[in-house]
Structures are given as structure tokens and as C-alpha cells.
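As stored in input_23.tsv (TSV, N, CA and C atoms):
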chain	number	residue	atom	x	y	z
A	335	MET	N	-105.66	-188.24	-80.74
A	335	MET	CA	-106.77	-187.32	-80.97
A	335	MET	C	-106.77	-186.26	-79.87
A	336	ALA	N	-106.76	-185.01	-80.26
A	336	ALA	CA	-106.71	-183.91	-79.30
A	336	ALA	C	-108.11	-183.62	-78.75
A	337	GLU	N	-108.14	-183.24	-77.49
A	337	GLU	CA	-109.40	-182.88	-76.85
A	337	GLU	C	-109.81	-181.48	-77.32
A	338	THR	N	-111.10	-181.28	-77.58
A	338	THR	CA	-111.59	-179.97	-77.98
A	338	THR	C	-112.58	-179.46	-76.93
A	339	TRP	N	-112.75	-178.14	-76.90
A	339	TRP	CA	-113.67	-177.50	-75.97
A	339	TRP	C	-114.43	-176.41	-76.70
A	340	SER	N	-115.75	-176.39	-76.54
A	340	SER	CA	-116.59	-175.36	-77.15
A	340	SER	C	-117.25	-174.54	-76.06
A	341	GLY	N	-117.30	-173.23	-76.23
A	341	GLY	CA	-117.94	-172.38	-75.25
A	341	GLY	C	-117.57	-170.93	-75.46
A	342	GLU	N	-117.73	-170.13	-74.40
A	342	GLU	CA	-117.47	-168.71	-74.49
A	342	GLU	C	-116.02	-168.38	-74.15
A	343	PHE	N	-115.44	-167.56	-74.98
A	343	PHE	CA	-114.12	-166.99	-74.76
A	343	PHE	C	-114.31	-165.48	-74.70
A	344	TYR	N	-113.44	-164.77	-73.99
A	344	TYR	CA	-113.48	-163.31	-73.99
A	344	TYR	C	-112.42	-162.80	-74.93
A	345	CYS	N	-112.84	-162.02	-75.92
A	345	CYS	CA	-111.90	-161.42	-76.87
A	345	CYS	C	-111.45	-160.07	-76.34
A	346	VAL	N	-110.15	-159.90	-76.11
A	346	VAL	CA	-109.60	-158.66	-75.57
A	346	VAL	C	-109.68	-157.54	-76.60
A	347	LYS	N	-109.52	-157.88	-77.86
A	347	LYS	CA	-109.55	-156.86	-78.90
A	347	LYS	C	-110.97	-156.34	-79.16
A	348	CYS	N	-111.96	-157.23	-79.22
A	348	CYS	CA	-113.37	-156.84	-79.44
A	348	CYS	C	-114.04	-156.37	-78.15
A	349	LYS	N	-113.49	-156.78	-77.00
A	349	LYS	CA	-114.06	-156.49	-75.68
A	349	LYS	C	-115.46	-157.08	-75.52
A	350	GLU	N	-115.65	-158.30	-76.07
A	350	GLU	CA	-116.92	-159.00	-75.97
A	350	GLU	C	-116.67	-160.49	-75.84
A	351	LYS	N	-117.67	-161.21	-75.32
A	351	LYS	CA	-117.58	-162.66	-75.25
A	351	LYS	C	-118.00	-163.23	-76.59
A	352	ARG	N	-117.26	-164.23	-77.04
A	352	ARG	CA	-117.51	-164.86	-78.34
A	352	ARG	C	-117.64	-166.37	-78.17
A	353	GLU	N	-118.53	-166.98	-78.93
A	353	GLU	CA	-118.66	-168.43	-78.96
A	353	GLU	C	-117.61	-168.96	-79.94
A	354	ALA	N	-116.82	-169.93	-79.48
A	354	ALA	CA	-115.80	-170.52	-80.33
A	354	ALA	C	-115.49	-171.93	-79.81
A	355	SER	N	-114.79	-172.69	-80.62
A	355	SER	CA	-114.32	-174.01	-80.19
A	355	SER	C	-112.84	-174.12	-80.52
A	356	GLY	N	-112.11	-174.76	-79.61
A	356	GLY	CA	-110.67	-174.86	-79.80
A	356	GLY	C	-110.09	-176.06	-79.10
A	357	GLU	N	-108.82	-176.29	-79.33
A	357	GLU	CA	-108.13	-177.44	-78.74
A	357	GLU	C	-107.70	-177.14	-77.31
A	358	VAL	N	-107.66	-178.18	-76.49
A	358	VAL	CA	-107.25	-178.06	-75.10
A	358	VAL	C	-105.77	-178.43	-75.00
A	359	HIS	N	-104.99	-177.55	-74.37
A	359	HIS	CA	-103.57	-177.77	-74.13
A	359	HIS	C	-103.32	-177.74	-72.63
A	360	VAL	N	-102.26	-178.42	-72.18
A	360	VAL	CA	-101.88	-178.41	-70.78
A	360	VAL	C	-100.57	-177.66	-70.67
A	361	ASN	N	-100.52	-176.62	-69.80
A	361	ASN	CA	-99.29	-175.85	-69.66
A	361	ASN	C	-98.35	-176.53	-68.66
A	362	ASP	N	-97.23	-175.89	-68.37
A	362	ASP	CA	-96.19	-176.48	-67.51
A	362	ASP	C	-96.67	-176.71	-66.09
A	363	LYS	N	-97.59	-175.89	-65.60
A	363	LYS	CA	-98.10	-176.04	-64.23
A	363	LYS	C	-99.19	-177.10	-64.13
A	364	GLY	N	-99.63	-177.66	-65.25
A	364	GLY	CA	-100.67	-178.68	-65.25
A	364	GLY	C	-102.08	-178.13	-65.42
A	365	THR	N	-102.19	-176.86	-65.78
A	365	THR	CA	-103.50	-176.24	-65.99
A	365	THR	C	-103.95	-176.46	-67.43
A	366	ARG	N	-105.21	-176.85	-67.59
A	366	ARG	CA	-105.78	-177.04	-68.92
A	366	ARG	C	-106.23	-175.69	-69.47
A	367	MET	N	-105.88	-175.42	-70.73
A	367	MET	CA	-106.25	-174.17	-71.38
A	367	MET	C	-106.80	-174.48	-72.77
A	368	ALA	N	-107.94	-173.88	-73.09
A	368	ALA	CA	-108.50	-173.99	-74.43
A	368	ALA	C	-108.01	-172.81	-75.25
A	369	LYS	N	-107.57	-173.09	-76.48
A	369	LYS	CA	-107.06	-172.04	-77.36
A	369	LYS	C	-107.84	-172.08	-78.65
A	370	ALA	N	-108.30	-170.88	-79.09
A	370	ALA	CA	-109.09	-170.77	-80.31
A	370	ALA	C	-108.80	-169.42	-80.96
A	371	ASP	N	-109.45	-169.16	-82.10
A	371	ASP	CA	-109.35	-167.88	-82.79
A	371	ASP	C	-110.70	-167.20	-82.76
A	372	CYS	N	-110.70	-165.88	-82.60
A	372	CYS	CA	-111.94	-165.09	-82.60
A	372	CYS	C	-112.57	-165.17	-83.99
A	373	PRO	N	-113.87	-165.51	-84.08
A	373	PRO	CA	-114.51	-165.60	-85.39
A	373	PRO	C	-114.71	-164.24	-86.06
A	374	VAL	N	-114.61	-163.14	-85.32
A	374	VAL	CA	-114.85	-161.81	-85.88
A	374	VAL	C	-113.54	-161.15	-86.33
A	375	CYS	N	-112.56	-161.06	-85.40
A	375	CYS	CA	-111.33	-160.31	-85.72
A	375	CYS	C	-110.11	-161.20	-85.94
A	376	GLY	N	-110.17	-162.48	-85.57
A	376	GLY	CA	-109.06	-163.39	-85.80
A	376	GLY	C	-108.01	-163.43	-84.71
A	377	THR	N	-108.23	-162.69	-83.61
A	377	THR	CA	-107.29	-162.69	-82.48
A	377	THR	C	-107.29	-164.04	-81.78
A	378	LYS	N	-106.14	-164.44	-81.27
A	378	LYS	CA	-106.06	-165.70	-80.53
A	378	LYS	C	-106.77	-165.55	-79.19
A	379	LEU	N	-107.57	-166.55	-78.82
A	379	LEU	CA	-108.33	-166.55	-77.58
A	379	LEU	C	-107.83	-167.66	-76.66
A	380	ASN	N	-107.78	-167.40	-75.37
A	380	ASN	CA	-107.39	-168.40	-74.37
A	380	ASN	C	-108.46	-168.45	-73.30
A	381	ARG	N	-108.73	-169.66	-72.79
A	381	ARG	CA	-109.68	-169.84	-71.69
A	381	ARG	C	-109.08	-170.85	-70.74
A	382	ILE	N	-108.92	-170.47	-69.47
A	382	ILE	CA	-108.36	-171.38	-68.45
A	382	ILE	C	-109.48	-172.28	-67.95
A	383	LEU	N	-109.26	-173.59	-68.00
A	383	LEU	CA	-110.29	-174.57	-67.64
A	383	LEU	C	-110.06	-175.20	-66.28
A	384	GLY	N	-108.87	-175.13	-65.73
A	384	GLY	CA	-108.59	-175.73	-64.42
A	384	GLY	C	-107.51	-176.78	-64.50
A	385	LYS	N	-107.28	-177.45	-63.40
A	385	LYS	CA	-106.23	-178.47	-63.33
A	385	LYS	C	-106.58	-179.70	-64.15
A	386	ALA	N	-105.56	-180.35	-64.68
A	386	ALA	CA	-105.74	-181.55	-65.50
A	386	ALA	C	-106.03	-182.76	-64.65

Go ahead and render the structure in this file as C-alpha cells.
Amino acid sequence: MAETWSGEFYCVKCKEKREASGEVHVNDKGTRMAKADCPVCGTKLNRILGKA
């Protein structure tokens, strides 16, 4: 079961903060990142959460 995170993401295309929920992934450096899609324009959103 994948971990999920809900909260604010910044959409670069809309230039506004959006509420979204997405799955948490760990990159090669060990940093947790939440990835979601913008509910308005559909752009991929990333949020850095910190070390795992």
C-alpha cells in the first residue's frame, strides 16, 4: 500500500497554490516527494516533504 499525502502544492502553470492529494515517492537521495496532478489544468505537481 502506497503512502499518500494531502495538502497544498504550487502549480507552476497556474501560478497559484492548489489543494491536491498524491502518492509519496522516495528519490535517489532519500528525499520524500509527493506527486499529484493539478485539479484545474492537469499539470504534474511535486512537493518536497523532507528526508525519509

query = Which residues, written as an MDAnalysis selection string, have at least one atom at most 6 Å from segment 356-360 of chain A, with all atoms listed in the file counted and residues fewer than 6 positions away on the same chain left out?
reply = chainID A and resid 336:340 366:370

message = I'd like to know which residues of chain A are strand (DSSP E or B) (by DSSP, run on the backbone); could you write them as a VMD selection string?
response = chain A and resid 338 to 345 350 to 360 365 to 371 378 to 385

Dig up all the protein and nucleic acid residues within 6 Å of (-110.6, -163.2, -76.5) in the file frame, using only N, CA and C atoms, and format them as a PDB file with N, CA and C atoms, in the coordinates of the input.
ATOM      1  N   PHE A 343    -115.440-167.560 -74.980  1.00  0.00           N
ATOM      2  CA  PHE A 343    -114.120-166.990 -74.760  1.00  0.00           C
ATOM      3  C   PHE A 343    -114.310-165.480 -74.700  1.00  0.00           C
ATOM      4  N   TYR A 344    -113.440-164.770 -73.990  1.00  0.00           N
ATOM      5  CA  TYR A 344    -113.480-163.310 -73.990  1.00  0.00           C
ATOM      6  C   TYR A 344    -112.420-162.800 -74.930  1.00  0.00           C
ATOM      7  N   CYS A 345    -112.840-162.020 -75.920  1.00  0.00           N
ATOM      8  CA  CYS A 345    -111.900-161.420 -76.870  1.00  0.00           C
ATOM      9  C   CYS A 345    -111.450-160.070 -76.340  1.00  0.00           C
ATOM     10  N   VAL A 346    -110.150-159.900 -76.110  1.00  0.00           N
ATOM     11  CA  VAL A 346    -109.600-158.660 -75.570  1.00  0.00           C
ATOM     12  C   VAL A 346    -109.680-157.540 -76.600  1.00  0.00           C
ATOM     13  N   LYS A 347    -109.520-157.880 -77.860  1.00  0.00           N
ATOM     14  CA  LYS A 347    -109.550-156.860 -78.900  1.00  0.00           C
ATOM     15  C   LYS A 347    -110.970-156.340 -79.160  1.00  0.00           C
ATOM     16  N   LYS A 378    -106.140-164.440 -81.270  1.00  0.00           N
ATOM     17  CA  LYS A 378    -106.060-165.700 -80.530  1.00  0.00           C
ATOM     18  C   LYS A 378    -106.770-165.550 -79.190  1.00  0.00           C
ATOM     19  N   LEU A 379    -107.570-166.550 -78.820  1.00  0.00           N
ATOM     20  CA  LEU A 379    -108.330-166.550 -77.580  1.00  0.00           C
ATOM     21  C   LEU A 379    -107.830-167.660 -76.660  1.00  0.00           C
ATOM     22  N   ASN A 380    -107.780-167.400 -75.370  1.00  0.00           N
ATOM     23  CA  ASN A 380    -107.390-168.400 -74.370  1.00  0.00           C
ATOM     24  C   ASN A 380    -108.460-168.450 -73.300  1.00  0.00           C
TER      25      ASN A 380
END

query = Taking into account only N, CA and C atoms, which residue in the set A:Lys385, A:Gly341, A:Cys348, A:Ala354 is nearest to Pro373 of chain A?
reply =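 Comparing A:Lys385, A:Gly341, A:Cys348, A:Ala354 against Pro373 of chain A, the winner is A:Ala354.
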
inquiry  = Please compute the atom N of Lys349 of chain A-atom N of Asn361 of chain A distance, one decimal, in Å.
reply    = 24.8 Å

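Our summary of the geometry notes that atom CA of Ile382 of chain A is positioned 14.4 Å from atom CA of Lys351 of chain A.
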
task = Could you check how far atom C of Ser355 of chain A sits from atom C of Cys372 of chain A, in Å to one decimal?
result = 9.6 Å
